[in-house]
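The next block is final-v9.cif, given as mmCIF, C-alpha atoms.
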```
data_query
#
loop_
_atom_site.label_atom_id
_atom_site.label_comp_id
_atom_site.auth_asym_id
_atom_site.auth_seq_id
_atom_site.Cartn_x
_atom_site.Cartn_y
_atom_site.Cartn_z
CA MET L 1 0.00 0.00 0.00
CA SER L 2 1.43 3.37 -1.02
CA ARG L 3 1.14 6.11 1.62
CA PRO L 4 2.24 9.76 1.66
CA GLY L 5 5.77 10.18 2.97
CA ARG L 6 6.77 6.57 2.39
CA VAL L 7 9.85 5.69 0.37
CA GLU L 8 9.31 2.50 -1.62
CA VAL L 9 12.34 0.23 -1.55
CA LEU L 10 11.96 -3.12 -3.35
CA GLY L 11 8.20 -2.99 -2.97
CA VAL L 12 8.18 -2.06 0.73
CA GLY L 13 7.13 1.40 1.86
CA VAL L 14 9.49 2.83 4.51
CA ASP L 15 8.26 5.83 6.49
CA ALA L 16 10.46 8.93 6.57
CA VAL L 17 10.18 9.23 10.34
CA THR L 18 12.39 10.51 13.17
CA VAL L 19 12.44 9.11 16.71
CA ASP L 20 10.12 11.90 17.87
CA GLY L 21 7.71 11.11 15.04
CA LEU L 22 7.90 7.42 15.90
CA HIS L 23 7.03 8.14 19.52
CA ALA L 24 4.08 10.28 18.45
CA GLU L 25 2.78 7.45 16.25
CA ILE L 26 3.18 4.91 19.06
CA ARG L 27 1.19 7.22 21.34
CA ARG L 28 -1.58 7.46 18.75
CA LEU L 29 -1.69 3.72 18.09
CA VAL L 30 -1.80 2.86 21.80
CA ARG L 31 -4.94 4.96 22.13
CA ARG L 32 -6.49 3.25 19.09
CA ARG L 33 -5.21 -0.23 20.05
CA GLY L 34 -4.26 -2.97 17.64
CA GLY L 35 -1.41 -1.12 15.90
CA VAL L 36 1.61 -2.66 14.19
CA VAL L 37 5.02 -0.96 13.85
CA LEU L 38 7.72 -2.82 11.93
CA ASN L 39 11.42 -2.19 11.34
CA VAL L 40 13.34 -2.90 8.14
CA ASN L 41 16.98 -3.45 7.29
CA VAL L 42 18.71 -4.87 4.22
CA HIS L 43 18.15 -8.48 5.33
CA CYS L 44 14.46 -7.83 5.89
CA LEU L 45 13.98 -6.18 2.49
CA ASN L 46 15.72 -9.11 0.80
CA LEU L 47 13.28 -11.46 2.57
CA CYS L 48 10.32 -9.34 1.48
CA TYR L 49 11.57 -9.24 -2.11
CA GLU L 50 11.44 -13.04 -2.24
CA ASP L 51 8.20 -13.47 -0.25
CA PRO L 52 5.09 -11.67 -1.58
CA ALA L 53 3.01 -12.53 1.52
CA LEU L 54 5.63 -10.99 3.81
CA ARG L 55 5.84 -7.95 1.53
CA ARG L 56 2.06 -7.48 1.70
CA PHE L 57 2.19 -7.71 5.48
CA PHE L 58 4.69 -4.86 5.63
CA GLY L 59 2.44 -2.89 3.30
CA ARG L 60 -0.44 -3.19 5.79
CA ALA L 61 1.61 -2.07 8.81
CA ASP L 62 0.72 1.23 10.47
CA LEU L 63 4.35 2.33 10.32
CA VAL L 64 7.60 0.90 8.95
CA PHE L 65 10.82 2.56 10.09
CA CYS L 66 14.39 2.36 8.84
CA ASP L 67 16.69 0.21 10.97
CA GLY L 68 19.69 -0.04 8.67
CA ALA L 69 22.20 2.26 6.99
CA GLY L 70 21.80 0.27 3.77
CA VAL L 71 18.12 1.21 3.60
CA ARG L 72 19.03 4.90 3.81
CA VAL L 73 21.60 4.43 1.03
CA ALA L 74 18.94 2.71 -1.09
CA ALA L 75 16.57 5.64 -0.58
CA ARG L 76 19.26 8.05 -1.82
CA VAL L 77 19.95 5.86 -4.85
CA LEU L 78 16.23 6.08 -5.62
CA GLY L 79 16.23 9.87 -5.28
CA ARG L 80 14.53 9.98 -1.90
CA ARG L 81 15.59 10.56 1.70
CA LEU L 82 15.05 8.87 5.05
CA PRO L 83 15.87 11.28 7.90
CA GLU L 84 17.55 8.81 10.22
CA ARG L 85 18.29 5.22 11.04
CA ILE L 86 16.53 4.03 14.20
CA THR L 87 18.22 0.95 15.61
CA TYR L 88 16.99 -0.72 18.81
CA ALA L 89 20.46 -0.89 20.35
CA ASP L 90 20.41 2.93 20.45
CA TRP L 91 16.66 3.56 20.60
CA LEU L 92 15.54 1.22 23.41
CA PRO L 93 16.77 3.53 26.24
CA ARG L 94 14.83 6.42 24.64
CA LEU L 95 11.79 4.19 24.17
CA ALA L 96 11.97 3.24 27.86
CA THR L 97 12.15 6.91 28.86
CA PHE L 98 9.20 7.70 26.60
CA ALA L 99 7.13 4.80 28.01
CA GLU L 100 7.98 5.79 31.59
CA VAL L 101 6.95 9.41 31.06
CA GLU L 102 3.77 8.45 29.19
CA GLY L 103 2.88 5.73 31.68
CA LEU L 104 2.79 3.05 28.98
CA SER L 105 2.97 -0.63 29.97
CA LEU L 106 5.31 -3.03 28.17
CA PHE L 107 5.39 -6.78 27.55
CA PHE L 108 8.62 -8.44 26.38
CA LEU L 109 8.43 -11.58 24.24
CA GLY L 110 11.52 -13.19 22.76
CA ALA L 111 15.13 -14.33 23.07
CA ARG L 112 16.48 -17.30 25.03
CA PRO L 113 15.18 -18.12 28.52
CA GLY L 114 16.34 -15.49 31.00
CA VAL L 115 17.52 -12.93 28.44
CA ALA L 116 14.36 -10.81 28.21
CA ALA L 117 14.05 -10.97 32.02
CA GLU L 118 17.60 -9.63 32.38
CA ALA L 119 16.82 -6.87 29.86
CA ALA L 120 13.75 -5.93 31.93
CA LYS L 121 15.81 -5.94 35.14
CA ARG L 122 18.42 -3.60 33.66
CA LEU L 123 15.82 -1.21 32.29
CA ARG L 124 13.96 -1.08 35.61
CA ALA L 125 17.23 -0.23 37.39
CA ILE L 126 17.47 2.92 35.27
CA HIS L 127 13.74 3.60 34.94
CA PRO L 128 12.16 2.64 38.28
CA ASP L 129 8.67 3.76 37.19
CA LEU L 130 8.74 1.80 33.94
CA LYS L 131 5.76 -0.57 33.80
CA ILE L 132 6.88 -3.95 32.43
CA VAL L 133 3.78 -6.09 32.91
CA GLY L 134 5.07 -9.32 31.38
CA VAL L 135 8.22 -11.09 30.22
CA ARG L 136 8.39 -14.35 28.28
CA HIS L 137 11.17 -16.06 26.38
CA GLY L 138 10.77 -16.88 22.70
CA PHE L 139 11.47 -20.62 22.89
CA PHE L 140 7.97 -21.97 22.37
CA ASP L 141 6.15 -23.82 19.61
CA PRO L 142 4.67 -21.00 17.48
CA ALA L 143 2.18 -23.28 15.66
CA THR L 144 -0.97 -21.15 15.44
CA ASN L 145 -3.35 -23.70 16.95
CA GLY L 146 -0.79 -25.35 19.21
CA PRO L 147 -1.16 -25.36 23.00
CA GLU L 148 2.08 -23.47 23.69
CA ASN L 149 1.16 -20.63 21.35
CA GLY L 150 -2.28 -20.39 22.95
CA VAL L 151 -0.70 -20.04 26.38
CA VAL L 152 1.59 -17.25 25.16
CA VAL L 153 -1.28 -15.32 23.56
CA ALA L 154 -3.42 -15.75 26.69
CA GLU L 155 -0.58 -14.49 28.89
CA ILE L 156 -0.16 -11.39 26.76
CA ASN L 157 -3.89 -10.69 26.67
CA ALA L 158 -4.20 -11.10 30.45
CA ALA L 159 -1.61 -8.33 30.85
CA ARG L 160 -3.22 -6.09 28.16
CA PRO L 161 0.03 -4.19 27.53
CA ASP L 162 0.14 -0.89 25.74
CA VAL L 163 3.28 -2.04 23.91
CA LEU L 164 4.19 -5.61 23.00
CA LEU L 165 7.87 -5.76 22.05
CA LEU L 166 8.72 -8.83 19.97
CA GLY L 167 12.29 -10.09 19.85
CA LEU L 168 11.91 -13.37 17.97
CA GLY L 169 14.24 -12.51 15.10
CA MET L 170 13.47 -12.02 11.41
CA PRO L 171 11.37 -13.39 9.83
CA LEU L 172 9.96 -15.52 12.68
CA GLN L 173 8.61 -12.51 14.56
CA GLU L 174 6.84 -11.15 11.47
CA ARG L 175 5.36 -14.55 10.59
CA TRP L 176 4.18 -15.03 14.17
CA LEU L 177 2.58 -11.61 14.09
CA MET L 178 0.92 -12.32 10.74
CA GLU L 179 -0.78 -15.35 12.31
CA ASN L 180 -1.62 -13.88 15.71
CA ARG L 181 -2.09 -10.11 15.46
CA HIS L 182 -5.90 -10.29 15.43
CA LYS L 183 -5.90 -12.40 18.60
CA LEU L 184 -3.82 -9.93 20.60
CA ASP L 185 -5.29 -7.41 23.05
CA VAL L 186 -2.46 -4.87 22.91
CA GLY L 187 -2.05 -1.21 22.08
CA VAL L 188 0.74 -1.60 19.55
CA VAL L 189 3.19 -4.35 18.57
CA LEU L 190 6.82 -3.50 17.81
CA THR L 191 9.21 -5.95 16.16
CA GLY L 192 12.72 -5.71 17.58
CA GLY L 193 14.87 -8.63 16.44
CA ALA L 194 17.82 -8.96 18.84
CA VAL L 195 16.62 -6.09 21.07
CA PHE L 196 16.68 -8.13 24.30
CA ASP L 197 20.12 -9.60 23.60
CA TYR L 198 21.54 -6.10 23.32
CA ALA L 199 19.64 -4.77 26.35
CA ALA L 200 20.72 -7.74 28.50
CA GLY L 201 24.36 -7.43 27.49
CA GLU L 202 24.31 -10.82 25.75
CA LEU L 203 25.28 -9.35 22.38
CA ARG L 204 27.90 -6.66 22.11
CA ARG L 205 28.07 -3.99 19.44
CA GLY L 206 31.11 -3.23 17.36
CA PRO L 207 33.33 -0.13 17.62
CA ARG L 208 31.52 3.20 17.34
CA LEU L 209 33.76 4.01 14.39
CA LEU L 210 31.86 1.31 12.46
CA THR L 211 28.38 1.54 13.99
CA ASP L 212 28.20 5.33 13.60
CA ASN L 213 29.34 5.31 9.98
CA GLY L 214 27.01 2.87 8.26
CA LEU L 215 29.18 -0.19 8.88
CA GLU L 216 27.34 -1.92 11.70
CA TRP L 217 26.84 -4.88 9.36
CA LEU L 218 30.64 -5.27 9.25
CA ALA L 219 30.87 -5.04 13.03
CA ARG L 220 28.19 -7.73 13.41
CA LEU L 221 29.93 -9.90 10.82
CA LEU L 222 33.20 -9.67 12.77
CA ILE L 223 31.40 -10.62 16.00
CA GLU L 224 29.24 -13.45 14.56
CA PRO L 225 30.93 -14.58 11.32
CA ARG L 226 29.57 -18.14 11.25
CA ARG L 227 25.95 -17.07 11.61
CA LEU L 228 25.98 -13.92 9.49
CA TRP L 229 28.52 -14.38 6.69
CA ARG L 230 25.95 -15.46 4.12
CA ARG L 231 23.49 -12.69 5.06
CA TYR L 232 26.04 -9.94 4.56
CA LEU L 233 28.55 -11.21 1.99
CA PHE L 234 25.83 -12.43 -0.37
CA GLY L 235 22.80 -10.45 0.82
CA ASN L 236 24.29 -6.96 0.72
CA PRO L 237 25.52 -7.09 -2.92
CA MET L 238 22.24 -8.72 -3.96
CA PHE L 239 20.31 -5.92 -2.27
CA LEU L 240 22.34 -3.23 -4.02
CA ALA L 241 21.84 -4.91 -7.39
CA ARG L 242 18.10 -5.08 -6.82
CA VAL L 243 17.94 -1.40 -5.83
CA LEU L 244 19.90 -0.40 -8.94
CA LEU L 245 17.46 -2.38 -11.07
CA GLN L 246 14.60 -0.57 -9.35
CA ARG L 247 16.25 2.76 -10.16
CA LEU L 248 16.65 1.77 -13.83
CA ASP L 249 13.01 0.71 -13.93
CA LEU L 250 11.89 4.03 -12.44
CA ARG L 251 13.94 5.94 -15.04
CA ALA L 252 12.50 3.84 -17.88
CA ARG L 253 8.96 4.50 -16.67
CA SER L 254 9.68 8.21 -16.34
CA ARG L 255 11.02 8.40 -19.92
CA LYS L 256 8.04 6.46 -21.21
CA LYS L 257 5.65 8.79 -19.42
CA GLN L 258 7.42 11.88 -20.78
CA GLY L 259 7.22 10.47 -24.28
CA MET L 260 3.47 9.92 -24.15
#
```
Structure translated into structure tokens:
Amino acid sequence: MSRPGRVEVLGVGVDAVTVDGLHAEIRRLVRRRGGVVLNVNVHCLNLCYEDPALRRFFGRADLVFCDGAGVRVAARVLGRRLPERITYADWLPRLATFAEVEGLSLFFLGARPGVAAEAAKRLRAIHPDLKIVGVRHGFFDPATNGPENGVVVAEINAARPDVLLLGLGMPLQERWLMENRHKLDVGVVLTGGAVFDYAAGELRRGPRLLTDNGLEWLARLLIEPRRLWRRYLFGNPMFLARVLLQRLDLRARSRKKQGM
């Protein structure tokens, strides 16, 4: 779905939003209830390119924000601009401050047993008035009609959080949300990937020289080469090639339109 202010990258509309604008939208969606806010990086856009159902799901989201320097580069290649990259490793402390001030309740779902609980403990130490109304690890059978999934959904709904923060990893968290969003009694759902691993200190970031200059992918590759080498060494060039093809297609359409 095309919306004003969205930059379309490989068929996915990315909102040109700042952190302040993101907070304002979360506030609005919490009042409305049932909102969905998704994040995209190069890996995610590659997944969406190859999966039409996933791409449609992103098109129906209330807001999609940029969580990768490569997405900003792609927008520039396409003649557009995204104002900033919002990555959870940097944004979560600001989100916690925002939730504390606004009195919003949070539910954490994801990561290995104990990780999300440690993330909640660390956040509460800094934000004593932060309302975290539920914490659950992500190691459960996500089968839609399975007993474990039913228990997880019931636990979330019993807490009725304003914000459900999902940290199940891409694309599991998006697929789980596609199957369960209409069963959830929450204000807004945010997808956060490895958010709890970072917040709990389980996953370290690379040097600021890399993370602040569009090379966080390289820092992550150096930290987790076995898991991430294929995603970055194959995925990044493939993404760039696809964006360049999109640019050529846009130019061809523009010339055709001008010649009519």
Going by the chain IDs and residue numbers used in this file, which residues fall under the PyMOL selection byres ((chain L and resi 98) around 12)? Write them as an MDAnalysis selection string. chainID L and resid 19:20 22:24 26:27 91:97 99:106 127 129:131 163
Give me, as a PyMOL selection string, all polymer residues having an atom no more than 12 Å from Val73 in chain L, counting only C-alpha atoms and skipping those fewer than 3 positions away in the same chain. chain L and resi 7+9+41-42+66-70+76-85+213-215+236+239-240+243-244
Which of these residues is nearest to Ile223 in chain L, using only C-alpha atoms: L:Asn157, L:Glu50, L:Pro171, L:Pro207?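 Of the candidates, the smallest distance to Ile223 in chain L is held by L:Pro207.
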Distance criterion (all atoms listed in the file): nearest to Gly110 in chain L out of L:Arg136, L:Arg204, L:Arg251, L:Arg55: L:Arg136
Which residues, named as in the file, does the PyMOL selection byres ((chain L and resi 37) around 9) pick out? Answer as a ChimeraX atom specification. /L:26,35-36,38-39,61-65,188-191
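A straight line drawn from CA of Gly13 in chain L to CA of Met178 in chain L is 17.5 Å long.
Distances here use all atoms listed in the file; by that measure, the residue among L:Glu155, L:Leu177, L:Tyr88, L:Glu8 closest to Arg205 in chain L is L:Tyr88.
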With the PyMOL selection byres ((chain L and resi 111) around 7) as the selection, what would be picked from this file? Answer as a compact mmCIF listing (two decimals) with C-alpha atoms, in the frame of the given file, please.
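What ended up in expr03.txt:
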```txt
# COMPACT_ATOMS: atom_id res chain seq x y z
CA GLY L 110 11.52 -13.19 22.76
CA ARG L 112 16.48 -17.30 25.03
CA PRO L 113 15.18 -18.12 28.52
CA VAL L 115 17.52 -12.93 28.44
CA ALA L 116 14.36 -10.81 28.21
CA HIS L 137 11.17 -16.06 26.38
CA GLY L 138 10.77 -16.88 22.70
CA GLY L 167 12.29 -10.09 19.85
CA LEU L 168 11.91 -13.37 17.97
CA PHE L 196 16.68 -8.13 24.30
CA ASP L 197 20.12 -9.60 23.60
```
If we count only C-alpha atoms and set the cut-off at 12 Å, which residues sit around range 149-152 of chain L, ignoring sequence neighbours fewer than 4 positions away in its own chain? Please answer as a PDB file with C-alpha atoms, keeping the file's coordinate frame.
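Printed below is result-v2.pdb as written:
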```pdb
ATOM      1  CA  PHE L 107       5.390  -6.780  27.550  1.00  0.00           C
ATOM      2  CA  PHE L 108       8.620  -8.440  26.380  1.00  0.00           C
ATOM      3  CA  LEU L 109       8.430 -11.580  24.240  1.00  0.00           C
ATOM      4  CA  GLY L 110      11.520 -13.190  22.760  1.00  0.00           C
ATOM      5  CA  GLY L 134       5.070  -9.320  31.380  1.00  0.00           C
ATOM      6  CA  VAL L 135       8.220 -11.090  30.220  1.00  0.00           C
ATOM      7  CA  ARG L 136       8.390 -14.350  28.280  1.00  0.00           C
ATOM      8  CA  HIS L 137      11.170 -16.060  26.380  1.00  0.00           C
ATOM      9  CA  GLY L 138      10.770 -16.880  22.700  1.00  0.00           C
ATOM     10  CA  PHE L 139      11.470 -20.620  22.890  1.00  0.00           C
ATOM     11  CA  PHE L 140       7.970 -21.970  22.370  1.00  0.00           C
ATOM     12  CA  ASP L 141       6.150 -23.820  19.610  1.00  0.00           C
ATOM     13  CA  PRO L 142       4.670 -21.000  17.480  1.00  0.00           C
ATOM     14  CA  ALA L 143       2.180 -23.280  15.660  1.00  0.00           C
ATOM     15  CA  THR L 144      -0.970 -21.150  15.440  1.00  0.00           C
ATOM     16  CA  ASN L 145      -3.350 -23.700  16.950  1.00  0.00           C
ATOM     17  CA  ILE L 156      -0.160 -11.390  26.760  1.00  0.00           C
ATOM     18  CA  ASN L 157      -3.890 -10.690  26.670  1.00  0.00           C
ATOM     19  CA  ALA L 158      -4.200 -11.100  30.450  1.00  0.00           C
ATOM     20  CA  ALA L 159      -1.610  -8.330  30.850  1.00  0.00           C
ATOM     21  CA  TRP L 176       4.180 -15.030  14.170  1.00  0.00           C
ATOM     22  CA  LEU L 177       2.580 -11.610  14.090  1.00  0.00           C
ATOM     23  CA  GLU L 179      -0.780 -15.350  12.310  1.00  0.00           C
ATOM     24  CA  ASN L 180      -1.620 -13.880  15.710  1.00  0.00           C
ATOM     25  CA  LYS L 183      -5.900 -12.400  18.600  1.00  0.00           C
ATOM     26  CA  LEU L 184      -3.820  -9.930  20.600  1.00  0.00           C
TER      27      LEU L 184
END
```
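Residue nearest Arg56 in chain L within the list L:Arg226, L:Arg175, L:His182, L:His43: L:Arg175 [criterion: smallest interatomic distance, all atoms listed in the file].
Here CA of Arg122 in chain L and CA of Val195 in chain L stand 13.0 Å from one another.
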Just the number, please: distance in Å from CA of Val40 in chain L to CA of Val71 in chain L, one decimal. 7.8 Å
Using the file's own x, y and z axes, so that the box edges lie along x, y and z, what centre and edge lengths in Å (one decimal) does a box around every listed atom of range 161-171 of chain L get when 4 Å is added on each side? Give it as JSON.
```
{"center_x": 7.1, "center_y": -7.1, "center_z": 18.7, "size_x": 22.2, "size_y": 20.5, "size_z": 25.7}
```
Quick one: residues within 12 Å of Leu228 in chain L, only C-alpha atoms, excluding same-chain residues fewer than 5 positions away - as a ChimeraX atom specification? /L:43,217-223,233-236
Looking at L:Pro161, L:Gly34, L:Val12, L:Val186, which one is nearest to Asp51 in chain L, with distances taken over all atoms listed in the file?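 Distance minimum relative to Asp51 in chain L lands on L:Val12.
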